[in-house]
Structure formats: C-alpha cells, structure tokens
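model10.pdb (PDB, C-alpha atoms and all ligand atoms)
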MODEL        1
ATOM      1  CA  MET A   1       9.546  -2.043  -0.502
ATOM      2  CA  ASN A   2      12.274  -0.306   1.428
ATOM      3  CA  VAL A   3      10.455   1.113   4.436
ATOM      4  CA  PRO A   4      13.110   3.553   5.709
ATOM      5  CA  GLU A   5      13.538   4.948   2.216
ATOM      6  CA  ALA A   6       9.821   5.359   1.761
ATOM      7  CA  LEU A   7       9.531   7.046   5.169
ATOM      8  CA  HIS A   8      12.232   9.511   4.198
ATOM      9  CA  ALA A   9      10.499  10.294   0.943
ATOM     10  CA  ILE A  10       7.138  10.838   2.628
ATOM     11  CA  ALA A  11       8.574  12.823   5.541
ATOM     12  CA  GLU A  12      10.155  15.169   3.025
ATOM     13  CA  THR A  13       6.803  16.057   1.561
ATOM     14  CA  GLY A  14       5.783  17.115   5.076
ATOM     15  CA  ASP A  15       2.344  15.607   5.083
ATOM     16  CA  GLY A  16       2.346  12.035   6.209
ATOM     17  CA  TYR A  17      -0.404  10.788   8.479
ATOM     18  CA  CYS A  18      -1.172   7.429   9.998
ATOM     19  CA  TRP A  19      -3.841   5.851   7.831
ATOM     20  CA  TYR A  20      -5.789   4.696  10.878
ATOM     21  CA  CYS A  21      -5.510   7.342  13.585
ATOM     22  CA  ASP A  22      -4.334  10.467  11.717
ATOM     23  CA  ARG A  23      -1.266  10.877  13.858
ATOM     24  CA  SER A  24       1.229  12.908  11.865
ATOM     25  CA  LEU A  25       4.508  11.454  10.741
ATOM     26  CA  PRO A  26       7.491  12.772  12.715
ATOM     27  CA  ALA A  27      10.861  13.556  11.135
ATOM     28  CA  ALA A  28      12.142  10.678   9.034
ATOM     29  CA  ALA A  29      14.873   9.495  11.412
ATOM     30  CA  GLU A  30      12.443   9.507  14.311
ATOM     31  CA  ALA A  31       9.824   7.659  12.302
ATOM     32  CA  VAL A  32      12.259   4.940  11.300
ATOM     33  CA  GLN A  33      13.418   4.509  14.878
ATOM     34  CA  GLY A  34       9.926   4.692  16.271
ATOM     35  CA  GLY A  35       8.771   1.830  14.113
ATOM     36  CA  TRP A  36       6.478   3.545  11.624
ATOM     37  CA  ASP A  37       5.581   1.266   8.780
ATOM     38  CA  VAL A  38       4.746   1.804   5.150
ATOM     39  CA  GLN A  39       2.307  -0.618   3.621
ATOM     40  CA  ARG A  40       0.857  -1.160   0.216
ATOM     41  CA  LEU A  41      -2.885  -1.332  -0.227
ATOM     42  CA  PRO A  42      -3.893  -3.029  -3.422
ATOM     43  CA  GLY A  43      -6.039  -0.671  -5.470
ATOM     44  CA  GLU A  44      -7.959  -1.058  -8.691
ATOM     45  CA  ARG A  45      -5.336   0.401 -10.938
ATOM     46  CA  VAL A  46      -2.498   1.474  -8.718
ATOM     47  CA  ALA A  47      -1.579   0.295  -5.272
ATOM     48  CA  SER A  48      -1.727   3.063  -2.727
ATOM     49  CA  ILE A  49       0.838   3.507  -0.034
ATOM     50  CA  ILE A  50      -0.294   3.980   3.521
ATOM     51  CA  LEU A  51       1.520   4.910   6.708
ATOM     52  CA  VAL A  52       0.936   3.060   9.938
ATOM     53  CA  CYS A  53       2.120   4.503  13.250
ATOM     54  CA  PRO A  54       3.738   2.265  15.881
ATOM     55  CA  ALA A  55       0.674   2.312  18.152
ATOM     56  CA  CYS A  56      -1.704   1.169  15.426
ATOM     57  CA  GLN A  57       0.832  -1.342  14.224
ATOM     58  CA  ARG A  58       0.984  -2.923  17.666
ATOM     59  CA  GLU A  59      -2.758  -2.959  18.106
ATOM     60  CA  LYS A  60      -3.239  -4.493  14.728
ATOM     61  CA  GLU A  61      -0.852  -7.286  15.594
ATOM     62  CA  GLU A  62      -2.558  -7.930  18.905
ATOM     63  CA  LEU A  63      -6.146  -7.837  17.729
ATOM     64  CA  GLY A  64      -5.773  -9.036  14.180
ATOM     65  CA  GLU A  65      -6.974  -7.063  11.192
ATOM     66  CA  GLU A  66     -10.679  -7.500  11.845
ATOM     67  CA  GLY A  67     -10.612  -6.846  15.577
ATOM     68  CA  PHE A  68      -8.407  -3.860  15.036
ATOM     69  CA  LEU A  69     -10.754  -2.245  12.548
ATOM     70  CA  ARG A  70     -13.731  -2.879  14.810
ATOM     71  CA  ASN A  71     -11.881  -1.358  17.728
ATOM     72  CA  LEU A  72     -10.922   1.582  15.584
ATOM     73  CA  SER A  73     -14.470   2.394  14.566
ATOM     74  CA  LEU A  74     -15.529   2.195  18.231
ATOM     75  CA  ARG A  75     -12.784   4.608  19.152
ATOM     76  CA  VAL A  76     -13.733   7.041  16.433
ATOM     77  CA  CYS A  77     -17.368   6.847  17.461
ATOM     78  CA  ASN A  78     -16.541   7.474  21.103
ATOM     79  CA  SER A  79     -14.712  10.648  20.311
ATOM     80  CA  THR A  80     -17.391  12.071  18.047
ATOM     81  CA  CYS A  81     -20.702  11.001  19.547
TER      82      CYS A  81
HETATM   83 ZN    ZN A 101      -2.029   5.261  14.044
ENDMDL
END
Do you think you could lay out the structure here as structure tokens?
Ligand SMILES: [Zn+2]
Amino acid sequence: MNVPEALHAIAETGDGYCWYCDRSLPAAAEAVQGGWDVQRLPGERVASIILVCPACQREKEELGEEGFLRNLSLRVCNSTC
C-alpha cells in the first residue's frame, strides 16, 4: 500500500483519526511528514484500513504489540475512572 497516497485520500475526507488514541489526522502533507502510518487490519470479508499516529507508532515499536495494547487500556482507564 502506498502510505502517502492513502493519507492524502483519507485527509481529503476530513475525518481521519488515530485508531488507538483518537488523535485527528492533520493535513495530508503534515501527516506524511509527521510519520502517520496507514495499516491494514485483516477482517472477515474485507480488510479495514486504520490510521496510526506517530506517537502510537513509536510506542508500539518500543513496547511490542501486546505491551502497547495493555498500556493503552491502562491509559484509557486512567482518564475515565
Ligand atoms: Zn495515536
């Protein structure tokens, strides 16, 4: 998948959000430069496309998928309860 192209397409629709932290996608050029990523999640019938912001991307690399998701649910819990 061509990430910059996908970012442009999503930015044009005006409602892109990071899949993990809900940060909203900036303008396409800024998103490409900032290191936003577009990833494919395998689905039952069609793969869905998700956006990942640079901060989540970095955390995911550092902690690994499992650690990242655990950390994420802690963070969400802290802000709501
Ligand atoms: Zn994020």
#### Entry: Among listed residues A:Leu51, A:Glu59, A:Tyr17, A:Glu66, nearest A:Trp36 (using all atoms listed in the file)
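Smallest distance to A:Trp36 is found for A:Leu51.
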### Message
I'd like the neighbourhood of A:Arg23 as a PyMOL selection string, where a residue qualifies if any of its atoms comes within 12 Å (using all atoms listed in the file), though same-chain residues fewer than 2 positions away should be ignored.
### Response
chain A and resi 15-21+25-26+31+36+51-56
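Candidate residues A:Leu72, A:Arg58, A:Ser48, A:Arg40 were compared for distance to A:Val3, and the nearest is A:Arg40, using only C-alpha atoms.
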### Query
Which residues match the PyMOL selection byres (((chain A and resi 4) around 9) and not hetatm) in the file above, as number ranges by chain?
A: 2-3, 5-9, 28-29, 31-32, 36-38
If you count all atoms listed in the file, which residues fall within 9 Å of A:Leu69, apart from same-chain ones fewer than 5 positions away, as a CSV table (one decimal) with C-alpha atoms, in the frame of the given file?
chain,number,residue,atom,x,y,z
A,20,TYR,CA,-5.8,4.7,10.9
A,60,LYS,CA,-3.2,-4.5,14.7
A,63,LEU,CA,-6.1,-7.8,17.7
A,64,GLY,CA,-5.8,-9.0,14.2
A,74,LEU,CA,-15.5,2.2,18.2
#### Entry: Between atom CA of A:Gln39 and atom CA of A:Glu65, distance in Å (one decimal)
13.6 Å
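Between atom CA of A:Ala27 and atom CA of A:Ala11 the separation is 6.1 Å.
The gap separating atom ZN of ligand ZN 101 (chain A) from atom CA of A:Phe68 is 11.2 Å, in Å to one decimal.
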Need the axis-aligned box for stretch 3-9 of chain A with 6 Å each side, so what are the centre and edges in Å to one decimal, as lines of an AutoDock Vina configuration file?
center_x = 11.5
center_y = 5.7
center_z = 3.3
size_x = 16.0
size_y = 21.2
size_z = 16.8
### Task
Rank A:Gly35, A:Gly67, A:Gly14, A:Gly43 by their smallest atom-to-atom distance to ligand ZN 101 (chain A), using all atoms listed in the file, and report the top residue only.
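Using all atoms listed in the file, ligand ZN 101 (chain A) sits closest to A:Gly35.
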